[in-house]
Amino acid sequence: MDDLEFFADLLTTGTVLGLDHTSTPAEVERVFGPAHTYAAPSGRMTDTGLVEFGWWDERVTYFGAQVHRLRSGVEPGGPLVDRYGPFRELLDVDDLLTAVRARGFDPEPVPRWGDGNAGYAEYREPSTGMGVLHLVDPDEAGEPGPAGRVAKMLGSGDDRRSVRWDADEHRSTTARVRHLLKLDDADLEPWLDGHEPAPGPERTDWWRHLRLVASQRHGVAPAEAVRRLRLLTALDRLAVDRGVDGEADAALALAATSAEGHGLGLADVPPVQDAVRRWLDAVDGEYAEARELSGRRPVGADEVRRARALRNRIHDIGAYGPHVTSSAIADRLRAWTDLRPLLLGAA
């Protein structure tokens, strides 16, 4: 192995030595040691030189590789060198893209809109949410060249970071949600009939945008937070009826809204445990595949994507384990969550 394989692994699997946004601080420290984690204004940070994790409580807020540091002689970290060997000072984006495309992946260019990265451009791998920020115009950026130099490869556990939208789309979606908050539930389906795109990638993104904006609670009054939760619950139900969500996704969405509803003190929301059981029933037929994939390195792009998706879903449903009081359901859930660190753990 060499260092280019590390960067290709990071982009295509979304992992660093088997660690990612689903990992815990203890899991990261078992690989890199405890000396690299310290308090930061945003919570905590684990900084190993090249690899960095940001934390809020026990949750990863971002992680990845600060590639630009290699140019200044920063050591990448012993575990990385042990596996991949010495690291180059400069990583060229074309070299990286060639390597990941040879694996069957095709990262997408990301539109940029006033985010402070003048002179840079970005690619993102949809299956992992990992981004590649690279220098395009050294003069505009006010940074040393050459053009094509990769500066950062970062990802996030926040689903919003991997949604493809620009400023205009965000504004229009915000306006849609404000309008929907004024409608009765009975009026939502007729509205969707007139506004929902035809089936395809555009519709998938449209629904994700709509529900992500509806889910935003920061800075809103308690009464509006309840209205937004009611709207989101109705949209989740309609997403199933209209074939946007499958049963497992529907169960996960219900777990999220139920947990939030209980947190807001609402008495008419179903128990979170019911949503967890619904998820377990929906994915029961996938367990054998997940267990088989968890014991080895995935072969080919399709298996890598499948392992990535399974690990994400297990992480998401595992967050609701504290709401489970039934020992039988807890045992079923644990059988899944035990697989989470093993999927892509050997990647």
# chains A, B, ... in the order shown; residues from 1 in each chain; ligands from 1
$ residues_around --residues "Gly104 (chain A)" --least-positions-apart "2" --cutoff "6 Å" --atoms "only C-alpha atoms" --output "compact mmCIF listing (two decimals) with N, CA and C atoms, in the first residue's frame"
# COMPACT_ATOMS: atom_id res chain seq x y z
N ARG A 101 -11.51 6.74 -9.58
CA ARG A 101 -12.30 6.30 -10.75
C ARG A 101 -11.91 4.89 -11.17
N ALA A 102 -10.65 4.53 -10.96
CA ALA A 102 -10.23 3.16 -11.25
C ALA A 102 -10.94 2.16 -10.33
N ALA A 301 -16.80 -1.65 -6.19
CA ALA A 301 -17.50 -0.44 -5.78
C ALA A 301 -18.88 -0.72 -5.21
$ residues_around --residues "region 326-329 of chain A" --least-positions-apart "5" --cutoff "12 Å" --atoms "only C-alpha atoms" --output "tab-separated table (two decimals) with C-alpha atoms, in the first residue's frame"
chain	number	residue	atom	x	y	z
A	271	PRO	CA	-43.14	5.20	21.46
A	272	VAL	CA	-39.68	5.31	19.90
A	273	GLN	CA	-39.37	1.61	20.64
A	274	ASP	CA	-42.20	0.91	18.18
A	275	ALA	CA	-40.21	2.61	15.42
A	276	VAL	CA	-37.09	0.62	16.32
A	277	ARG	CA	-39.05	-2.64	16.13
A	278	ARG	CA	-40.50	-1.55	12.79
A	279	TRP	CA	-36.97	-0.92	11.47
A	280	LEU	CA	-35.75	-4.30	12.70
A	281	ASP	CA	-38.67	-6.04	11.00
A	318	GLY	CA	-28.49	2.64	17.13
A	320	TYR	CA	-32.37	5.19	19.66
A	321	GLY	CA	-31.18	2.23	21.73
A	334	ARG	CA	-27.57	-5.21	19.49
A	335	ALA	CA	-27.08	-7.92	16.89
A	336	TRP	CA	-27.08	-5.12	14.31
$ select_by_dssp --residues "region 10-246 of chain A" --states "alpha helix (DSSP H)" --output "ChimeraX atom specification"
/A:10-13,25-32,78-84,93-102,138-141,167-180,185-195,201-214,222-241
$ residues_around --residues "region 197-207 of chain A" --least-positions-apart "2" --cutoff "12 Å" --atoms "only C-alpha atoms" --output "number ranges by chain"
A: 159-160, 162-166, 169-170, 172-174, 176-177, 191-195, 209-214, 232, 235-236, 238-240, 242-245
$ residues_around --residues "Glu224 (chain A)" --least-positions-apart "6" --cutoff "10 Å" --atoms "only C-alpha atoms" --output "VMD selection string"
chain A and resid 181 217 230
$ select_by_dssp --residues "region 89-294 of chain A" --states "strand (DSSP E)" --output "list in words"
Glu108, Pro109, Val110, Tyr120, Ala121, Glu122, Tyr123, Arg124, Glu125, Met130, Gly131, Val132, Leu133, His134, Leu135, Val150, Ala151, Lys152, Met153, Leu154 and Gly155 of chain A
